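**Student:** Below you'll find work30.txt; it's compact mmCIF, C-alpha atoms.
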```txt
# COMPACT_ATOMS: atom_id res chain seq x y z
CA MET Q 941 90.34 108.87 96.98
CA SER Q 942 88.89 106.11 97.10
CA GLN Q 943 84.70 105.65 96.10
CA ARG Q 944 86.03 102.47 96.90
CA VAL Q 945 85.48 98.79 97.10
CA THR Q 946 86.67 97.49 100.45
CA PRO Q 947 89.26 94.68 100.31
CA PRO Q 948 88.06 91.34 101.72
CA SER Q 949 88.05 91.21 105.50
CA PRO Q 950 90.33 88.69 107.19
CA ALA Q 951 87.33 86.51 107.89
CA HIS Q 952 87.04 85.76 104.19
CA VAL Q 953 90.56 84.50 103.64
CA LYS Q 954 92.34 81.38 104.79
CA PRO Q 955 92.74 81.22 108.60
CA SER Q 956 96.53 81.35 108.49
CA LEU Q 957 96.52 84.36 106.20
CA SER Q 958 93.76 85.94 108.27
CA ARG Q 959 96.02 85.77 111.29
CA LEU Q 960 98.86 87.40 109.38
CA CYS Q 961 96.61 90.21 108.23
CA ALA Q 962 95.20 90.72 111.71
CA SER Q 963 98.74 91.05 113.05
CA LEU Q 964 99.21 94.07 110.82
CA GLY Q 965 96.44 95.99 112.49
CA PHE Q 966 93.34 95.74 110.31
CA ALA Q 967 91.46 97.17 113.27
CA ALA Q 968 93.42 98.71 116.10
CA THR Q 969 92.21 101.08 118.79
CA LEU Q 970 95.15 103.03 120.14
CA MET Q 971 95.62 105.15 123.24
CA PHE Q 972 98.79 107.22 123.55
CA THR Q 973 100.11 108.59 126.82
CA ALA Q 974 103.32 110.40 127.66
CA GLY Q 975 106.11 107.84 127.77
CA ALA Q 976 103.85 104.91 126.80
CA VAL Q 977 104.16 103.03 123.51
CA GLN Q 978 102.01 100.21 122.21
CA ALA Q 979 104.14 97.03 121.90
CA ALA Q 980 102.71 95.96 118.53
CA SER Q 981 99.60 96.29 116.39
CA PHE Q 982 98.29 92.97 117.79
CA PRO Q 983 98.06 91.46 121.31
CA CYS Q 984 101.52 90.11 122.09
CA LYS Q 985 100.05 87.60 124.54
CA ASN Q 986 98.69 85.81 121.46
CA ALA Q 987 102.01 85.79 119.56
CA GLN Q 988 102.68 82.33 118.13
CA THR Q 989 104.84 82.53 115.00
CA ALA Q 990 108.55 83.30 115.07
CA THR Q 991 107.86 86.59 113.26
CA GLU Q 992 105.28 87.68 115.84
CA LYS Q 993 107.63 86.78 118.69
CA HIS Q 994 110.42 88.81 117.08
CA ILE Q 995 108.06 91.80 116.83
CA CYS Q 996 106.94 91.53 120.44
CA GLY Q 997 110.47 90.96 121.69
CA ASP Q 998 112.01 94.10 120.21
CA LYS Q 999 110.67 97.55 121.17
CA ASP Q 1000 111.82 99.25 117.96
CA LEU Q 1001 110.38 96.50 115.77
CA GLY Q 1002 107.12 96.67 117.69
CA ALA Q 1003 106.96 100.42 117.03
CA LEU Q 1004 107.57 99.75 113.32
CA ASP Q 1005 104.72 97.23 113.35
CA VAL Q 1006 102.37 99.87 114.79
CA ALA Q 1007 103.58 102.46 112.26
CA LEU Q 1008 103.05 100.00 109.41
CA ALA Q 1009 99.51 99.21 110.62
CA ARG Q 1010 98.69 102.93 110.55
CA ALA Q 1011 100.23 103.44 107.11
CA TYR Q 1012 98.38 100.42 105.75
CA GLN Q 1013 95.05 101.56 107.23
CA ASN Q 1014 95.45 105.03 105.71
CA ARG Q 1015 96.10 103.51 102.30
CA ARG Q 1016 93.29 100.98 102.71
CA ASP Q 1017 90.75 103.72 103.52
CA GLY Q 1018 91.42 105.25 100.11
CA ASP Q 1019 92.28 102.06 98.28
CA GLU Q 1020 92.16 102.21 94.50
CA ASN Q 1021 94.59 99.49 93.51
CA ASN Q 1022 93.80 96.39 95.61
CA ILE Q 1023 96.25 97.30 98.36
CA GLY Q 1024 94.84 94.45 100.47
CA ALA Q 1025 96.10 91.76 98.08
CA GLU Q 1026 99.43 93.57 97.77
CA GLN Q 1027 99.80 93.66 101.54
CA LYS Q 1028 99.07 89.95 101.89
CA ASN Q 1029 101.68 89.23 99.23
CA TRP Q 1030 104.23 91.33 101.14
CA ILE Q 1031 103.48 89.46 104.38
CA LYS Q 1032 103.86 86.07 102.75
CA ASN Q 1033 106.82 86.68 100.42
CA VAL Q 1034 108.85 89.35 102.22
CA ARG Q 1035 108.07 89.70 105.92
CA ASP Q 1036 107.72 86.04 106.76
CA ASN Q 1037 110.88 85.11 104.89
CA CYS Q 1038 112.91 87.12 107.43
CA THR Q 1039 114.57 85.09 110.16
CA SER Q 1040 116.17 87.94 112.15
CA VAL Q 1041 115.14 91.20 113.78
CA GLY Q 1042 117.50 93.13 111.50
CA CYS Q 1043 115.89 91.70 108.37
CA LEU Q 1044 112.42 92.47 109.71
CA LYS Q 1045 113.32 96.08 110.51
CA SER Q 1046 114.66 96.61 107.02
CA ALA Q 1047 111.56 95.05 105.45
CA TYR Q 1048 109.23 97.12 107.63
CA ARG Q 1049 110.98 100.41 106.88
CA GLU Q 1050 110.87 99.76 103.15
CA ARG Q 1051 107.19 98.77 103.24
CA ILE Q 1052 106.25 101.85 105.29
CA LYS Q 1053 107.95 104.01 102.65
CA VAL Q 1054 105.88 102.34 99.93
CA LEU Q 1055 102.60 102.71 101.85
CA ASN Q 1056 103.35 106.34 102.72
CA GLY Q 1057 104.18 107.13 99.11
CA SER Q 1058 107.95 107.42 99.50
CA GLY Q 1059 108.91 104.12 97.83
CA ALA Q 1060 109.34 103.05 94.23
CA SER Q 1061 106.48 101.77 92.07
CA PHE Q 1062 107.61 98.21 92.89
CA ASN Q 1063 108.66 96.37 96.05
CA CYS Q 1064 112.34 97.14 96.59
CA GLU Q 1065 112.71 94.05 98.77
CA LEU Q 1066 112.20 92.00 95.60
CA ALA Q 1067 114.43 94.14 93.34
CA LYS Q 1068 116.67 91.91 91.21
CA SER Q 1069 117.99 93.82 88.20
CA ALA Q 1070 120.78 96.38 88.42
CA THR Q 1071 118.33 99.07 87.22
CA GLU Q 1072 115.83 98.31 89.99
CA GLN Q 1073 118.58 98.32 92.61
CA LEU Q 1074 119.80 101.73 91.42
CA ILE Q 1075 116.25 103.08 91.67
CA CYS Q 1076 115.72 101.67 95.15
CA GLY Q 1077 119.01 103.11 96.39
CA ASP Q 1078 118.18 106.72 95.54
CA GLU Q 1079 115.28 108.63 97.10
CA GLY Q 1080 114.90 110.98 94.13
CA LEU Q 1081 114.79 108.06 91.72
CA ARG Q 1082 112.18 106.25 93.80
CA TYR Q 1083 109.96 109.32 93.64
CA ALA Q 1084 110.53 109.76 89.89
CA ASP Q 1085 109.80 106.07 89.26
CA ARG Q 1086 106.57 106.22 91.27
CA THR Q 1087 105.48 109.39 89.47
CA LEU Q 1088 106.21 107.79 86.11
CA ALA Q 1089 104.12 104.73 86.98
CA GLN Q 1090 101.22 107.00 87.97
CA SER Q 1091 101.55 109.00 84.72
CA TYR Q 1092 101.59 105.80 82.67
CA LEU Q 1093 98.49 104.38 84.35
CA ALA Q 1094 96.66 107.71 84.03
CA LEU Q 1095 97.40 107.87 80.30
CA LYS Q 1096 96.42 104.24 79.81
CA GLU Q 1097 93.03 104.87 81.44
CA ALA Q 1098 92.40 108.25 79.79
CA GLY Q 1099 90.63 106.98 76.69
CA GLY Q 1100 93.48 106.34 74.24
CA ASP Q 1101 94.73 103.17 72.52
CA ARG Q 1102 95.70 100.98 75.48
CA LYS Q 1103 97.65 98.44 73.44
CA GLN Q 1104 99.71 101.11 71.73
CA ILE Q 1105 100.44 102.92 75.00
CA ALA Q 1106 101.53 99.65 76.66
CA ALA Q 1107 103.72 98.71 73.70
CA GLU Q 1108 105.44 102.12 73.73
CA GLN Q 1109 106.07 101.88 77.48
CA ASN Q 1110 107.51 98.37 77.21
CA ALA Q 1111 109.78 99.48 74.37
CA TRP Q 1112 110.99 102.43 76.48
CA LEU Q 1113 111.70 100.16 79.47
CA HIS Q 1114 113.72 97.76 77.33
CA ASN Q 1115 115.52 100.14 74.97
CA VAL Q 1116 115.99 103.28 77.07
CA ARG Q 1117 115.73 102.61 80.80
CA GLN Q 1118 117.38 99.19 80.98
CA PRO Q 1119 120.72 100.21 79.35
CA CYS Q 1120 121.26 102.96 81.96
CA ALA Q 1121 124.09 102.05 84.34
CA SER Q 1122 124.10 105.12 86.60
CA VAL Q 1123 121.76 107.14 88.78
CA ALA Q 1124 122.32 110.24 86.63
CA CYS Q 1125 121.34 108.40 83.44
CA LEU Q 1126 118.19 107.00 85.04
CA LYS Q 1127 117.14 110.41 86.35
CA ASP Q 1128 117.50 111.93 82.88
CA VAL Q 1129 115.57 109.23 81.01
CA ILE Q 1130 112.79 108.92 83.64
CA ASP Q 1131 112.30 112.69 83.76
CA ALA Q 1132 112.16 112.80 79.96
CA ARG Q 1133 109.64 109.95 79.84
CA ASN Q 1134 107.48 111.64 82.47
CA GLY Q 1135 107.42 114.75 80.30
CA THR Q 1136 106.50 112.74 77.22
CA LEU Q 1137 103.62 110.96 78.97
CA GLY Q 1138 102.36 114.30 80.29
CA LEU Q 1139 102.34 115.78 76.78
CA GLU Q 1140 100.59 112.71 75.38
CA ARG Q 1141 97.90 113.06 78.06
CA GLU Q 1142 97.42 116.73 77.18
CA GLU Q 1143 97.22 115.91 73.47
CA LEU Q 1144 94.67 113.16 74.11
CA ASP Q 1145 92.58 115.50 76.25
CA ALA Q 1146 92.73 118.22 73.56
CA ARG Q 1147 91.74 115.71 70.88
CA ILE Q 1148 88.69 114.52 72.86
CA LYS Q 1149 87.64 118.12 73.53
CA LYS Q 1150 87.84 118.90 69.82
CA GLU Q 1151 85.91 115.79 68.83
CA ILE Q 1152 83.00 116.59 71.18
CA GLY Q 1153 83.10 120.33 70.46
CA TYR Q 1154 84.07 121.46 73.96
CA SER Q 1155 85.70 124.90 73.76
CA LYS Q 1156 85.62 126.24 77.34
CA THR Q 1157 88.71 126.71 79.52
CA ALA Q 1158 88.61 124.02 82.17
CA PHE Q 1159 90.22 124.56 85.57
CA TYR Q 1160 90.03 120.81 86.23
CA SER Q 1161 89.56 117.99 83.75
CA ASP Q 1162 89.69 114.21 83.69
CA THR Q 1163 89.01 111.59 81.05
CA ARG Q 1164 89.08 107.84 81.48
CA PHE Q 1165 87.47 104.65 80.30
CA TRP Q 1166 84.25 103.63 81.97
CA PRO Q 1167 85.28 101.23 84.78
CA LYS Q 1168 85.69 97.74 83.30
CA ASP Q 1169 84.14 98.87 79.99
CA PRO Q 1170 86.64 100.25 77.45
CA SER Q 1171 83.87 100.74 74.89
CA ARG Q 1172 82.90 103.96 76.69
CA ILE Q 1173 84.79 107.02 77.93
CA ILE Q 1174 83.78 109.44 80.68
CA ALA Q 1175 85.00 113.02 80.22
CA LEU Q 1176 84.77 115.58 83.03
CA TYR Q 1177 85.45 119.33 82.77
CA ALA Q 1178 85.10 121.89 85.58
CA THR Q 1179 84.90 125.58 84.67
CA GLN Q 1180 84.73 128.47 87.11
CA GLU Q 1181 81.65 130.66 87.03
CA SER Q 1182 82.05 134.20 85.77
CA ALA Q 1183 84.32 136.55 87.71
CA ALA Q 1184 81.50 139.09 87.85
CA LYS Q 1185 79.40 136.70 89.88
CA ASN Q 1186 82.15 135.38 92.08
CA HIS Q 1187 84.02 138.58 92.87
CA HIS Q 1188 81.38 141.30 93.17
CA ASP Q 1189 82.32 141.46 96.83
CA GLU Q 1190 86.05 141.39 97.61
CA ALA Q 1191 85.34 139.76 100.95
CA GLN Q 1192 83.46 136.93 99.26
CA GLN Q 1193 85.75 133.97 98.70
CA ASP Q 1194 83.19 131.48 97.38
CA GLU Q 1195 83.90 129.99 93.97
CA ASP Q 1196 81.41 127.84 92.10
CA TYR Q 1197 82.53 125.39 89.43
CA ILE Q 1198 80.26 124.13 86.69
CA LEU Q 1199 80.78 120.46 85.82
CA ASP Q 1200 80.28 119.26 82.25
CA ILE Q 1201 80.14 115.46 82.20
CA TYR Q 1202 80.12 113.42 79.00
CA VAL Q 1203 79.82 109.71 78.26
CA LEU Q 1204 81.30 108.87 74.85
CA ASP Q 1205 81.59 105.92 72.54
CA SER Q 1206 85.35 105.25 72.69
CA ALA Q 1207 85.54 104.17 69.02
CA THR Q 1208 83.53 106.95 67.38
CA ARG Q 1209 83.76 109.64 70.11
CA LYS Q 1210 80.01 110.10 69.71
CA VAL Q 1211 78.41 111.70 72.79
CA LEU Q 1212 76.03 109.18 74.33
CA GLN Q 1213 75.00 111.20 77.40
CA HIS Q 1214 75.77 114.70 78.67
CA GLY Q 1215 74.99 116.21 82.05
CA ASN Q 1216 75.76 119.30 84.14
CA ASP Q 1217 76.33 119.77 87.83
CA SER Q 1218 78.20 122.16 90.12
CA VAL Q 1219 80.60 122.05 93.04
CA SER Q 1220 81.37 124.88 95.46
CA SER Q 1221 84.70 126.08 96.80
CA ASP Q 1222 84.49 128.47 99.75
CA ALA Q 1223 86.74 128.73 102.82
CA ILE Q 1224 87.26 125.00 102.28
CA ALA Q 1225 88.92 125.28 98.88
CA LEU Q 1226 88.38 122.81 96.05
CA GLN Q 1227 91.68 121.09 95.24
CA SER Q 1228 90.70 118.57 92.59
CA VAL Q 1229 87.78 116.86 90.90
CA ASN Q 1230 88.08 113.57 89.04
CA ILE Q 1231 86.29 110.45 87.90
CA ASP Q 1232 85.96 107.56 90.36
CA ASN Q 1233 87.37 104.27 89.12
CA THR Q 1234 84.89 102.06 91.02
CA ASP Q 1235 82.46 100.02 88.93
CA TYR Q 1236 79.16 100.96 90.58
CA SER Q 1237 76.85 99.55 87.88
CA PRO Q 1238 76.51 95.94 89.13
CA LEU Q 1239 76.22 97.21 92.70
CA LEU Q 1240 73.35 99.62 92.01
CA GLY Q 1241 71.49 97.67 89.34
CA VAL Q 1242 71.77 100.60 86.90
CA GLN Q 1243 74.51 102.12 84.75
CA ALA Q 1244 76.24 104.34 87.33
CA PHE Q 1245 79.56 106.06 87.95
CA GLY Q 1246 81.09 108.38 90.54
CA ILE Q 1247 82.83 111.76 90.68
CA ASN Q 1248 85.32 112.54 93.46
CA ALA Q 1249 86.13 115.99 94.83
CA SER Q 1250 88.89 116.99 97.28
CA HIS Q 1251 88.73 120.09 99.51
CA THR Q 1252 91.37 121.64 101.78
CA HIS Q 1253 91.54 124.49 104.30
CA TYR Q 1254 95.02 125.79 105.14
CA GLY Q 1255 94.25 127.67 108.37
CA CYS Q 1256 96.04 126.93 111.64
CA ALA Q 1257 93.54 124.17 112.42
CA GLY Q 1258 93.68 122.60 108.98
CA TYR Q 1259 90.98 120.55 107.25
CA GLU Q 1260 90.86 118.23 104.26
CA SER Q 1261 88.24 115.94 102.80
CA ASP Q 1262 87.55 113.62 99.87
CA SER Q 1263 83.93 113.16 98.80
CA VAL Q 1264 82.01 111.15 96.22
CA ARG Q 1265 78.77 111.75 94.31
CA LEU Q 1266 77.06 109.22 92.03
CA TYR Q 1267 75.28 109.55 88.69
CA ALA Q 1268 73.00 107.12 86.83
CA LEU Q 1269 72.37 106.75 83.11
CA GLU Q 1270 68.79 106.08 82.02
CA GLY Q 1271 68.47 106.05 78.25
CA LYS Q 1272 69.99 109.30 77.02
CA THR Q 1273 69.57 110.95 80.43
CA MET Q 1274 72.24 111.42 83.08
CA ARG Q 1275 71.06 112.35 86.55
CA PRO Q 1276 72.57 112.56 90.06
CA ILE Q 1277 71.43 109.83 92.45
CA LEU Q 1278 73.71 110.46 95.44
CA SER Q 1279 74.86 113.87 96.64
CA ASP Q 1280 78.28 114.42 98.22
CA ILE Q 1281 79.35 112.03 100.96
CA ALA Q 1282 82.74 112.76 102.53
CA LEU Q 1283 84.52 109.42 102.57
CA ARG Q 1284 87.57 110.86 104.31
CA SER Q 1285 88.06 113.99 106.39
CA ASN Q 1286 90.82 115.18 108.72
CA SER Q 1287 90.64 118.22 110.96
CA GLY Q 1288 92.75 119.70 113.74
CA MET Q 1289 92.61 122.42 116.40
CA CYS Q 1290 94.69 125.59 116.63
CA GLY Q 1291 97.44 125.68 119.25
CA THR Q 1292 97.69 121.95 119.95
CA GLU Q 1293 99.19 118.89 118.32
CA CYS Q 1294 96.82 116.54 120.12
CA GLU Q 1295 93.31 117.76 119.28
CA SER Q 1296 92.24 116.21 115.97
CA LYS Q 1297 89.43 114.29 114.33
CA THR Q 1298 89.64 111.78 111.49
CA ILE Q 1299 86.53 110.38 109.84
CA ARG Q 1300 86.49 107.45 107.43
CA ARG Q 1301 83.31 106.38 105.67
CA GLU Q 1302 82.81 103.33 103.48
CA LEU Q 1303 79.99 102.81 101.01
CA ARG Q 1304 78.80 99.23 101.20
CA PHE Q 1305 76.27 97.34 99.13
CA PRO Q 1306 74.77 94.56 101.28
CA ASP Q 1307 71.98 93.79 98.78
CA LYS Q 1308 73.55 91.59 96.08
CA SER Q 1309 70.27 90.86 94.26
CA GLY Q 1310 71.06 93.28 91.41
CA LYS Q 1311 67.77 95.16 91.82
CA ARG Q 1312 67.66 98.85 90.89
CA TYR Q 1313 68.76 101.26 93.61
CA PRO Q 1314 69.13 98.90 96.58
CA ASP Q 1315 69.67 100.29 100.08
CA LEU Q 1316 73.21 101.53 100.69
CA LEU Q 1317 75.12 101.13 103.92
CA VAL Q 1318 77.47 103.90 105.05
CA ARG Q 1319 79.89 102.62 107.68
CA VAL Q 1320 81.49 105.44 109.68
CA LYS Q 1321 84.62 105.25 111.81
CA THR Q 1322 85.55 108.38 113.79
CA THR Q 1323 88.93 108.68 115.49
CA GLU Q 1324 89.14 111.65 117.84
CA ALA Q 1325 92.22 112.70 119.80
CA ARG Q 1326 91.90 115.02 122.78
CA GLU Q 1327 93.96 116.17 125.71
CA ALA Q 1328 93.10 114.64 129.07
CA ALA Q 1329 94.52 115.01 132.56
CA SER Q 1330 96.13 111.95 134.13
CA ARG Q 1331 97.92 112.17 137.49
CA LYS Q 1332 98.70 115.86 137.13
CA LYS Q 1333 100.05 115.55 133.60
CA SER Q 1334 98.47 116.00 130.22
CA VAL Q 1335 98.08 113.00 127.96
CA CYS Q 1336 96.66 112.57 124.50
CA LYS Q 1337 93.75 110.15 124.51
CA VAL Q 1338 92.37 108.61 121.34
CA ASP Q 1339 88.73 107.51 121.15
CA VAL Q 1340 87.30 105.49 118.28
CA THR Q 1341 83.57 105.30 117.58
CA ARG Q 1342 81.66 103.51 114.85
CA GLN Q 1343 78.20 104.07 113.43
CA ASP Q 1344 76.22 102.76 110.46
CA TYR Q 1345 73.69 104.58 108.31
CA THR Q 1346 71.27 103.06 105.80
CA LEU Q 1347 70.53 105.17 102.73
CA ARG Q 1348 67.31 104.55 100.79
CA HIS Q 1349 66.39 105.71 97.31
CA ASP Q 1350 63.24 107.87 97.24
CA ALA Q 1351 62.50 107.56 93.49
CA ALA Q 1352 64.82 110.49 92.76
CA GLN Q 1353 67.96 110.22 94.88
CA TYR Q 1354 69.38 108.52 97.91
CA LYS Q 1355 68.54 110.47 101.04
CA VAL Q 1356 71.78 111.48 102.78
CA PRO Q 1357 71.56 112.21 106.54
CA GLU Q 1358 72.83 115.60 107.67
CA GLY Q 1359 76.51 115.69 108.56
CA LEU Q 1360 77.76 113.00 106.17
CA ASP Q 1361 78.98 115.61 103.67
CA TYR Q 1362 81.91 116.80 105.82
```
Here is a file; write its structure as structure tokens.
**Tutor:**
Amino acid sequence: MSQRVTPPSPAHVKPSLSRLCASLGFAATLMFTAGAVQAASFPCKNAQTATEKHICGDKDLGALDVALARAYQNRRDGDENNIGAEQKNWIKNVRDNCTSVGCLKSAYRERIKVLNGSGASFNCELAKSATEQLICGDEGLRYADRTLAQSYLALKEAGGDRKQIAAEQNAWLHNVRQPCASVACLKDVIDARNGTLGLEREELDARIKKEIGYSKTAFYSDTRFWPKDPSRIIALYATQESAAKNHHDEAQQDEDYILDIYVLDSATRKVLQHGNDSVSSDAIALQSVNIDNTDYSPLLGVQAFGINASHTHYGCAGYESDSVRLYALEGKTMRPILSDIALRSNSGMCGTECESKTIRRELRFPDKSGKRYPDLLVRVKTTEAREAASRKKSVCKVDVTRQDYTLRHDAAQYKVPEGLDY
């Protein structure tokens, strides 16, 4: 997930910073052959700074630069937390403060862990306190710390009292976490806090259900403040259709989920709008459904929000995708205006590690006039790996193609071209 507002391109930042960002592979087309490795994520013939020359002069550091570019691009495709600004800050304050290859390697490895989801919730290169250093030095603690940060943010956005939640978390950090002087102590208190935040989220969800009179058993649920508008809450519940309908044929694996979507006044919990929709789960199984955190309203000229769905297939080939659909509010009515578009999909082929296809799609809003339902631009990047013969040996060749689609609103919905939903 992303559903996402694209971070500013390098062309829109200062030239010196643009160069730094470009050196981390904002757009790299790679071709891999047996025994061949790309030197860096940027053309080494253009290396000018001491950092760039270090990268190009050391094979292992060059490989780390390529790996970091990939990790960053994967995170950027599904960016939800301004990863672009975070990356620029890392370049300026961590990477470019290194004066040796050893320092750079250490910084790169730590940053790759963070981008791949194996780091702490903060930059370990900037860790100062004894507590932070203990967390950064233990893999299990880094994971627990990152999970705790995600739980805290989820609770804070779920429709509760933000100030109270923040005050409780700050008190816990100061009075419980900070006094810990050992890894064992930190593991105990972080695990306990994770459990507490999880229970608080469940209690908040149960309270909202009770206040709106929702009594069904939801397989998936999500509640959060309307993006950039804490006066409203969006509540989403997905219930599976009856077993009699879904399992009349043992060979039939399809599962349909009914979506109940509510928009509430966050102070009174009064239901402002309510709508229904459905999502299918067949051989490509539904893994999650949640509320998009992108503020679509100023982009579309109407009150609008998004719902994300993730699907996975666990066969030998493997397939996974994340899609978005958009809804608009018109008076007391909620209606869909954009059907599913897969913003990310990955697929493979049985019996080979080379054959694969990765598709990334970005929703863009070129019309900034604020008019209702402007044309949407879908920018598609397809990366396809395939085996190819080269001098009597097999190599893995990677091809990258790009294509743009313009979506127009037809007075009911945006027309989505065939094939953009997977």
**Student:** Can you list, as a list in words, every protein, DNA or RNA residue that comes within 10 Å of Asn1014 in chain Q when you count only C-alpha atoms, leaving out same-chain residues fewer than 6 positions away?
**Tutor:** Leu1008, Leu1055, Asn1056, Arg1284 and Arg1300 of chain Q
**Student:** Give me the residues near range 984-996 of chain Q as a list in words, where near means some atom within 8 Å (using all atoms listed in the file) and where sequence neighbours in that chain fewer than 4 positions away do not count.
**Tutor:**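 Residues near the query, excluding close chain neighbours: Ser963, Ala979, Ala980, Leu1001, Gly1002, Asp1005, Arg1035, Asp1036, Cys1038, Thr1039, Ser1040 and Val1041 of chain Q.
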**Student:** Restricting the calculation to only C-alpha atoms, which member of Q:Ile1173, Q:Val1318, Q:Leu1278, Q:Leu1088 is positioned closest to Ser1206 in chain Q?
**Tutor:**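 Nearest to Ser1206 in chain Q: Q:Ile1173.
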**Student:** So the first atom is CA of Tyr1083 in chain Q and the second is CA of Arg1117 in chain Q; what is the distance between them in Å, to one decimal place?
**Tutor:**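 So the answer is 15.6 Å.
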**Student:** Got a sec to check which residues sit within 9 Å of (86.8, 103.1, 72.3), counting only C-alpha atoms, and write them as a VMD selection string?
**Tutor:** chain Q and resid 1099 to 1101 1165 1170 to 1173 1204 to 1209
**Student:** How would the residues just picked look written out with C-alpha atoms as a PDB file, keeping the file's coordinate frame?
**Tutor:**
```pdb
ATOM      1  CA  GLY Q1099      90.630 106.980  76.690  1.00  0.00           C
ATOM      2  CA  GLY Q1100      93.480 106.340  74.240  1.00  0.00           C
ATOM      3  CA  ASP Q1101      94.730 103.170  72.520  1.00  0.00           C
ATOM      4  CA  PHE Q1165      87.470 104.650  80.300  1.00  0.00           C
ATOM      5  CA  PRO Q1170      86.640 100.250  77.450  1.00  0.00           C
ATOM      6  CA  SER Q1171      83.870 100.740  74.890  1.00  0.00           C
ATOM      7  CA  ARG Q1172      82.900 103.960  76.690  1.00  0.00           C
ATOM      8  CA  ILE Q1173      84.790 107.020  77.930  1.00  0.00           C
ATOM      9  CA  LEU Q1204      81.300 108.870  74.850  1.00  0.00           C
ATOM     10  CA  ASP Q1205      81.590 105.920  72.540  1.00  0.00           C
ATOM     11  CA  SER Q1206      85.350 105.250  72.690  1.00  0.00           C
ATOM     12  CA  ALA Q1207      85.540 104.170  69.020  1.00  0.00           C
ATOM     13  CA  THR Q1208      83.530 106.950  67.380  1.00  0.00           C
ATOM     14  CA  ARG Q1209      83.760 109.640  70.110  1.00  0.00           C
TER      15      ARG Q1209
END
```
**Student:** Do you know which residues lie at most 8 Å from (91.0, 111.9, 80.0), with coordinates as in the file and all atoms listed in the file counted, and could you write them as a ChimeraX atom specification?
**Tutor:** /Q:1095,1097-1099,1141,1144-1145,1148,1161-1164,1174-1176
**Student:** Could you tell me how far CA of Leu1283 in chain Q sits from CA of Ser1261 in chain Q, in Å to one decimal place?
**Tutor:** 7.5 Å
**Student:** How far is it from CA of Gly1080 in chain Q to CA of Asp1131 in chain Q, in Å with one decimal?
**Tutor:** 10.8 Å
**Student:** Of the candidates Q:Leu1199, Q:Arg1082, Q:Ser1221, Q:Glu1295, which shows the shortest atom-to-atom distance to Ala1328 in chain Q, using all atoms listed in the file?
**Tutor:**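 Of Q:Leu1199, Q:Arg1082, Q:Ser1221, Q:Glu1295, the one nearest Ala1328 in chain Q, counting all atoms listed in the file, is Q:Glu1295.
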**Student:** Could you name the residues that touch Leu1226 in chain Q at 7 Å or less, counting only C-alpha atoms, but leaving out those on the same chain fewer than 5 positions away, as a PyMOL selection string?
**Tutor:** chain Q and resi 1221+1250-1252
**Student:** Which polymer residues have any atom within 12 Å of an atom of Pro1238 in chain Q, counting all atoms listed in the file, with same-chain residues fewer than 3 positions away left out, as a short mmCIF file (atom, residue, chain, number, x, y, z; two decimals) with C-alpha atoms, in the coordinates of the input?
**Tutor:**
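Once everything was written out, this is around20.cif:
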```cif
data_model
loop_
_atom_site.label_atom_id
_atom_site.label_comp_id
_atom_site.auth_asym_id
_atom_site.auth_seq_id
_atom_site.Cartn_x
_atom_site.Cartn_y
_atom_site.Cartn_z
CA PRO Q 1167 85.28 101.23 84.78
CA LYS Q 1168 85.69 97.74 83.30
CA THR Q 1234 84.89 102.06 91.02
CA ASP Q 1235 82.46 100.02 88.93
CA GLY Q 1241 71.49 97.67 89.34
CA VAL Q 1242 71.77 100.60 86.90
CA GLN Q 1243 74.51 102.12 84.75
CA ALA Q 1244 76.24 104.34 87.33
CA PHE Q 1245 79.56 106.06 87.95
CA ALA Q 1268 73.00 107.12 86.83
CA PHE Q 1305 76.27 97.34 99.13
CA ASP Q 1307 71.98 93.79 98.78
CA LYS Q 1308 73.55 91.59 96.08
CA SER Q 1309 70.27 90.86 94.26
CA GLY Q 1310 71.06 93.28 91.41
CA LYS Q 1311 67.77 95.16 91.82
CA ARG Q 1312 67.66 98.85 90.89
CA TYR Q 1313 68.76 101.26 93.61
CA PRO Q 1314 69.13 98.90 96.58
#
```
**Student:** Around all the atoms of range 1225-1231 of chain Q listed in the file, with 3 Å of room on each side, what axis-aligned box do you get, giving centre and edge lengths in Å to one decimal, as lines of an AutoDock Vina configuration file?
**Tutor:**
```
center_x = 89.0
center_y = 117.9
center_z = 93.4
size_x = 11.4
size_y = 20.8
size_z = 17.0
```
**Student:** Name all residues at most 12 Å from Ser1069 in chain Q (count all atoms listed in the file; drop same-chain ones fewer than 3 positions away) and give them as a list in words.
**Tutor:**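 Contacts, in chain order: Cys1064, Glu1065, Leu1066, Glu1072, Gln1073, Leu1074, Ile1075, Cys1076, Arg1117, Gln1118, Pro1119, Cys1120 and Ala1121 of chain Q.
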**Student:** Which residue gives the smallest distance to Tyr1154 in chain Q among Q:Thr1179, Q:Ser1228, Q:Asn1233, Q:Asn1134, with only C-alpha atoms counted?
**Tutor:**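 Among Q:Thr1179, Q:Ser1228, Q:Asn1233, Q:Asn1134, it is Q:Thr1179 that comes nearest to Tyr1154 in chain Q.
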**Student:** Identify which of the residues Q:Lys1337, Q:Val1054, Q:Asn1216, Q:Phe982 lies closest to Ile1023 in chain Q, counting all atoms listed in the file when measuring atom-to-atom distances.
**Tutor:**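 Result for the nearest residue to Ile1023 in chain Q: Q:Val1054.
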**Student:** Which of these residues is nearest to Gly1258 in chain Q, using all atoms listed in the file: Q:Ala1325, Q:Gly1271, Q:Ala1225, Q:Ile1201?
**Tutor:**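 Among the listed residues, Q:Ala1225 lies closest to Gly1258 in chain Q.
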**Student:** Given only C-alpha atoms as the basis, pick out the residue of Q:Pro983, Q:Gly1138, Q:Pro1306, Q:Gly1042 nearest to Thr1346 in chain Q.
**Tutor:** Q:Pro1306
